[in-house]
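Take a look at the structure set out below.
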Amino acid sequence: MADPRTLDTTKHIVDRYDAVAGALPGGALPWLAERRQAGIEHFKAQGLPTRKLEEWKYTSLDELRRVPFEPAKPVANGISTGTLPTLVGAEHRLVFVNGHLRQDLCAICMPPEGATISSLGHALATVPALVEAHLGSARGDEDAPFTALNDAFLTDGLFLHLKPGVDLNSVIEVIHVSVGQSGPVFQHPRNLIVAEDGAHATVLEHYIGFGQSPTLANAATEVVLGEGAGVRHCKVQAEAPEAFHIAMLEARLAKNASFDSFYFASGAKLSRNEIRVLLDGEGADCRLFGAYMMKDRQHADHTTFIDHAKPRTTSREVYKGVLDDKARAVFQGQILVRPDAQQIEGHQLNRTILLSDGAEIDIKPELKIFADDVKCSHGATAGELDGEALFYLRSRGIPETEARGLLVEAFLQEVIDGIAMSGLREPLGARVARWMGTRPALAGGTE
Amino acid sequence: MLEIKNLHATVDGKEILKGLDLHIRAGEVHAIMGPNGSGKSTLSYVLAGREGYEVTEGSVTYKGKNLLDFDPEERAGEGVFLAFQYPVEIPGVASTTFLKHALNAVLRYRGEEELDAMEFVKMLREKTKSLGIADDMLKRPVNVGYSGGEKKRNEMLQMAVLEPSFAVLDETDSGLDIDALKVVAAGVNSLRAPDRAMLVITHYQRLLDYIVPDHVHVLAGGRIVRSGGKELALELEKTGYAEFADAAA
């Protein structure tokens with residue numbers, strides 16, 4: 001193992017790539033090998049981002065930089081369906097442990113005609129041309145080092161392809177599990193969701209973790225939406241306390257497509273969840289909602305970028321967070337309205353409750369508007385719990401802890417109630433209550 | 001029931017109550033009247049235990065216990081209730097949820113059995129009916145978008161649900177039309193009982209036509225400057241508070 005004190009992180013990671021590259025999936029596909037190579041070259045040139053970069057100004061990776069991660073190996077035992085928390089009774093479930101598919105934990109019901117639900121690894125082996133046609137196609141013109149790294153190490157994840165008009169009524173749940181092994185490990189999950197014209201899907205991505213030693217999940221999800229297509233996406237990040245979680249979600253929407261995203265987070269020591277949406281056709285609409293709760297010394301970064309590239313596109317964004325102890329959060333919300341993209345509506349709201357003096361939030365809304373017929377707004381608030389409301393509840397006999405819990409639940413429930421997957425409202429509300437200590441955990445692995 | 005002796009209290013370092021004495025026995029209804037700024041609301045907040053209202057001298061004994069030792073939630077458990085002059089809006093918390101949390105917390109404090117969902121709904125239905133409260137109101141978040149009358153009725157409902165031994169009604173009449181006032185007063189009167197006492201704080205005599213007090217006190221300059229029977233309220237209605245301006249100085 002490398003000595004953390006003298007660790008040249010970039011070199012360390014590149015060396016690990018060289019060691020495992022030959023064994024990565026899709027080795028026989030020249031286009032994929034090229035992409036991997038381009039990814040690692042790109043990463044080599046940039047290295048891990050530092051706070052000198054504007055988009056990483058509020059999130060330091062110094063701690064992550066010191067960890068000598070090894071590529072995670074498959075875990076064959078120790079995890080059973082019973083130990084996996086499940087949030088909805090999903091019809092289709094794919095489980096990846098340390099980036100590797102665990103067939104024994106998956107359940108895929110017969111998908112309707114025109115729908116392909118499988119692991120990306122399986123798709124690379126069976127329908128490589130379909131993967132080639134879409135992998136990377138949601139990518140904008142940015143060059144993010146972590147996505148480059150994901151390109152290089154890409155192992156497995158969800159592959160969902162819906163032919164035009166296919167409406168998948170049932171929820172697809174993807175569970176990515178990070179398990180700390182004898183030393184720190186990293187994995188690079190990759191999910192690809194393609195809804196062709198008029199197709200509809202609902203996907204739940206769930207990240208959890210076990211173990212004491214550090215893990216890094218460097219996840220990338222791409223969502224490609226054809227004309228009039230709709231994807232409802234929910235991600236729950238509940239990684240272990242020693243975990244690092246870096247994720248990029250990129251969505252590209254054609255005309256009249258709609259993308260609905262909900263991000264719910266309470267886990268990981270350090271997390272960054274970045275969402276980039278390209279509204280690439282007239283009438284495309286996206287909603288980005290988020291709710292998060294952080295405590296101790298957790299650091300949670302939420303960075304979003306909405307690109308109104310075409311006229312009559314709309315976006316709405318609401319992120320709400322609760323921070324306790326010495327937790328820190330970041331919200332960077334960029335809205336770009338390109339020249340000639342007229343009749344745009346883009347609204348952004350960020351609200352944070354700070355439960356302790358040591359908690360902190362950095363908020364950076366950024367509206368770049370180059371068209372004139374535009375309705376855009378942003379608002380941000382950060383403050384303590386409403387003292388008057390707290391006293392009112394206590395004066396009715398409700399103990400302080402319970403009163404604080406009620407107010408925090410109410411605060412987050414407002415955004416949770418906006419979640420498109422209505423079946424998640426109740427279990428996520430229960431998680432808030434549990435986090436606040438107002439309601440005890442229910443027995444068993446499910447809730 | 002309640003004995004206040006030489007109570008001094010400050011808000012933001014400014015002394016508002018300057019030696020207040022008051023003795024309320026079980027079964028009695030007392031009214032405190034007084035001009036704006038005389039310390040009426042300060043008294044109610046001190047009794048409920050609001051942060052920032054600091055008692056610098058004197059004592060408040062409730063059922064033989066030092067009331068000032070208790071946190072606000074403990075006071076509620078002990079049976080003290082404050083009907084707020086300005087009920088607080090709590091977005092996202094439905095009134096029913098709030099009432100259930102409150103009642104069960106108080107029952108827990110008193111060592112009594114909590115109500116299950118069925119029992120609670122049944123009990124609530126009875127109480128809302130007598131106060132003329134629509135079920136629909138209870139589904140909405142606490143006080144959010146309520147009219148002035150609805151807010152005050154909601155206060156009365158909370159009181160009816162929690163069944164306190166000692167209730168303070170802080171300007172419960174403010175912002176009410178005469179019909180709402182009658183409903184609220186009827187609600188209060190229905191709770192009058194030999195083992196229960198009430199302190200009605202008001203600026204106007206009007207409310208006391210409907211909630212007839214046993215004793216009336218005039219609060220001015222942070223002290224009780226005059227006490228009498230219910231006829232004192234009528235007298236004040238005619239003369240106003242001008243004569244007490246001197247007493248307060």
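How things are named: the first chain in the structure tokens is A, the next is B, and so on; residues count from 1 in each chain; ligands count from 1 in the order shown.
By only C-alpha atoms, and with residues fewer than 5 positions from segment 143-146 of chain A along its chain excluded, the set lying at most 10 Å from it is Gly39, Ile40, His42, Phe43, Lys44, Ala45, Gln46, Gly47, Leu48, Pro49, Asp151, Ala152, His188, Asn218, Ala219, Ala220, Ile246, Ala247 and Met248 of chain A.
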For chain A, report every residue with an atom at most 8 Å from chain B (counting only C-alpha atoms), formatted as a PyMOL selection string.
chain A and resi 388-389+391-400+406-407+410-411+413-414
Counting only C-alpha atoms, figure out which residue out of A:Val67, A:Leu120, A:Leu367, A:Leu162 gets nearest to His12 of chain A.
A:Val67
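When the distance limit is 8 Å and only C-alpha atoms are what count, the residues near segment 8-21 of chain B, minus those fewer than 4 positions from it on the same chain, are Glu3, Ile4, Ser38, Gly39, Thr42, Leu43, Val46, Gly52, Tyr53, Glu54, Val55, Thr56, Glu57, Gly58, Gly221, Gly222, Arg223 and Ile224 of chain B.
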Name the residues in contact with Arg338 of chain A at a cut-off of 7 Å, using only C-alpha atoms, excluding same-chain residues fewer than 6 positions from it; report them as number ranges by chain.
A: 308-309, 369-371
Using only C-alpha atoms, which protein or nucleic acid residues come within 10 Å of Arg252 of chain A? Drop anything in the same chain fewer than 2 positions from it, and give the result as a ChimeraX atom specification.
/A:137-140,194,222-226,250,254,257-259,276-281,284,307
Please save N, CA and C atoms of the selected residues as a short mmCIF file (atom, residue, chain, number, x, y, z; two decimals), in the first residue's frame.
```cif
data_model
loop_
_atom_site.label_atom_id
_atom_site.label_comp_id
_atom_site.auth_asym_id
_atom_site.auth_seq_id
_atom_site.Cartn_x
_atom_site.Cartn_y
_atom_site.Cartn_z
N SER A 137 -23.65 10.27 -24.52
CA SER A 137 -24.38 11.21 -25.38
C SER A 137 -25.13 12.27 -24.59
N ALA A 138 -25.25 12.10 -23.29
CA ALA A 138 -25.88 13.15 -22.48
C ALA A 138 -24.84 14.17 -22.03
N ARG A 139 -23.61 13.84 -22.29
CA ARG A 139 -22.49 14.68 -21.87
C ARG A 139 -22.50 16.01 -22.59
N GLY A 140 -22.33 17.10 -21.82
CA GLY A 140 -22.22 18.42 -22.43
C GLY A 140 -20.79 18.68 -22.85
N VAL A 194 -31.94 5.46 -21.20
CA VAL A 194 -32.32 6.02 -22.49
C VAL A 194 -33.82 5.82 -22.70
N GLU A 222 -26.27 8.80 -16.72
CA GLU A 222 -26.68 9.57 -17.89
C GLU A 222 -28.13 9.29 -18.20
N VAL A 223 -28.85 10.34 -18.51
CA VAL A 223 -30.25 10.18 -18.87
C VAL A 223 -30.45 10.85 -20.23
N VAL A 224 -30.88 10.07 -21.19
CA VAL A 224 -31.08 10.60 -22.53
C VAL A 224 -32.57 10.52 -22.85
N LEU A 225 -33.17 11.68 -23.11
CA LEU A 225 -34.61 11.68 -23.35
C LEU A 225 -34.93 12.16 -24.76
N GLY A 226 -35.69 11.33 -25.48
CA GLY A 226 -36.14 11.70 -26.81
C GLY A 226 -37.33 12.63 -26.74
N GLU A 250 -26.06 13.51 -15.64
CA GLU A 250 -26.20 14.36 -16.80
C GLU A 250 -27.45 13.95 -17.58
N ALA A 254 -34.74 16.21 -25.32
CA ALA A 254 -35.19 16.68 -26.63
C ALA A 254 -36.52 17.41 -26.44
N ALA A 257 -39.62 16.98 -23.83
CA ALA A 257 -39.30 15.93 -22.86
C ALA A 257 -39.37 16.51 -21.46
N SER A 258 -39.56 15.64 -20.48
CA SER A 258 -39.55 16.15 -19.11
C SER A 258 -38.73 15.25 -18.20
N PHE A 259 -37.97 15.89 -17.36
CA PHE A 259 -37.09 15.17 -16.45
C PHE A 259 -37.35 15.67 -15.04
N ARG A 276 -26.36 18.03 -14.16
CA ARG A 276 -26.29 18.94 -15.30
C ARG A 276 -27.39 18.56 -16.29
N VAL A 277 -28.23 19.53 -16.57
CA VAL A 277 -29.36 19.25 -17.44
C VAL A 277 -29.28 20.14 -18.67
N LEU A 278 -29.35 19.50 -19.82
CA LEU A 278 -29.34 20.25 -21.07
C LEU A 278 -30.74 20.19 -21.67
N LEU A 279 -31.41 21.35 -21.66
CA LEU A 279 -32.76 21.43 -22.25
C LEU A 279 -32.57 21.75 -23.72
N ASP A 280 -32.52 20.68 -24.50
CA ASP A 280 -32.03 20.77 -25.86
C ASP A 280 -33.13 20.77 -26.92
N GLY A 281 -34.38 20.94 -26.48
CA GLY A 281 -35.46 20.99 -27.47
C GLY A 281 -36.57 21.87 -26.93
N ALA A 284 -38.97 21.57 -23.52
CA ALA A 284 -38.40 20.63 -22.54
C ALA A 284 -38.51 21.24 -21.15
N ASP A 307 -29.11 24.15 -18.42
CA ASP A 307 -28.78 24.85 -19.66
C ASP A 307 -30.04 24.99 -20.52
#
```
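DSSP on the backbone gives strand (DSSP E or B) for these parts of segment 162-246 of chain B: B:Phe166, B:Ala167, B:Val168, B:Leu169, B:Asp170, B:Ala197, B:Met198, B:Leu199, B:Val200, B:Ile201, B:Thr202, B:His215, B:Val216, B:His217, B:Val218, B:Leu219, B:Ala220, B:Arg223, B:Ile224, B:Val225, B:Arg226, B:Ser227, B:Gly228.
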Convert the current residue selection to file output with N, CA and C atoms, as a CSV table (one decimal), in the first residue's frame.
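File written: part37.csv
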```
chain,number,residue,atom,x,y,z
B,166,PHE,N,-55.0,25.5,34.9
B,166,PHE,CA,-54.9,26.9,35.0
B,166,PHE,C,-54.7,27.5,33.6
B,167,ALA,N,-55.6,28.3,33.1
B,167,ALA,CA,-55.4,28.8,31.7
B,167,ALA,C,-55.3,30.3,31.7
B,168,VAL,N,-54.4,30.8,30.9
B,168,VAL,CA,-54.2,32.2,30.7
B,168,VAL,C,-54.7,32.6,29.3
B,169,LEU,N,-55.7,33.5,29.2
B,169,LEU,CA,-56.2,33.9,27.9
B,169,LEU,C,-55.7,35.3,27.6
B,170,ASP,N,-54.7,35.4,26.7
B,170,ASP,CA,-54.1,36.6,26.4
B,170,ASP,C,-54.8,37.3,25.3
B,197,ALA,N,-58.8,27.1,37.3
B,197,ALA,CA,-58.8,28.6,37.4
B,197,ALA,C,-58.4,29.2,36.1
B,198,MET,N,-58.8,30.5,35.9
B,198,MET,CA,-58.5,31.1,34.6
B,198,MET,C,-58.1,32.6,34.9
B,199,LEU,N,-57.2,33.0,34.0
B,199,LEU,CA,-56.8,34.4,34.0
B,199,LEU,C,-57.1,35.0,32.7
B,200,VAL,N,-58.0,35.9,32.6
B,200,VAL,CA,-58.4,36.5,31.3
B,200,VAL,C,-57.8,37.9,31.2
B,201,ILE,N,-56.9,38.0,30.2
B,201,ILE,CA,-56.2,39.3,30.0
B,201,ILE,C,-56.9,40.0,28.9
B,202,THR,N,-57.3,41.2,29.1
B,202,THR,CA,-58.0,41.9,28.0
B,202,THR,C,-57.8,43.4,28.2
B,215,HIS,N,-63.1,38.2,39.8
B,215,HIS,CA,-62.2,39.3,40.3
B,215,HIS,C,-61.7,40.1,39.1
B,216,VAL,N,-61.6,41.4,39.2
B,216,VAL,CA,-61.0,42.2,38.1
B,216,VAL,C,-59.8,43.0,38.7
B,217,HIS,N,-58.7,43.0,38.0
B,217,HIS,CA,-57.5,43.7,38.4
B,217,HIS,C,-57.1,44.7,37.3
B,218,VAL,N,-56.5,45.8,37.8
B,218,VAL,CA,-56.0,46.7,36.8
B,218,VAL,C,-54.5,46.7,36.9
B,219,LEU,N,-53.9,46.4,35.7
B,219,LEU,CA,-52.4,46.3,35.6
B,219,LEU,C,-51.9,47.6,35.0
B,220,ALA,N,-51.1,48.3,35.7
B,220,ALA,CA,-50.5,49.5,35.1
B,220,ALA,C,-49.1,49.7,35.6
B,223,ARG,N,-47.5,46.7,37.7
B,223,ARG,CA,-48.0,46.3,39.0
B,223,ARG,C,-49.5,46.3,38.9
B,224,ILE,N,-50.1,45.5,39.8
B,224,ILE,CA,-51.6,45.6,40.0
B,224,ILE,C,-51.9,46.8,40.8
B,225,VAL,N,-52.6,47.8,40.3
B,225,VAL,CA,-52.8,49.0,41.0
B,225,VAL,C,-54.2,49.1,41.6
B,226,ARG,N,-55.1,48.2,41.1
B,226,ARG,CA,-56.4,48.2,41.8
B,226,ARG,C,-57.1,46.9,41.5
B,227,SER,N,-57.8,46.4,42.5
B,227,SER,CA,-58.6,45.1,42.3
B,227,SER,C,-60.0,45.3,42.8
B,228,GLY,N,-60.9,44.6,42.2
B,228,GLY,CA,-62.3,44.7,42.6
B,228,GLY,C,-63.1,43.5,42.0
```
As a check of understanding: the span from atom CA of Glu34 of chain A to atom CA of Leu135 of chain A is 13.0 Å
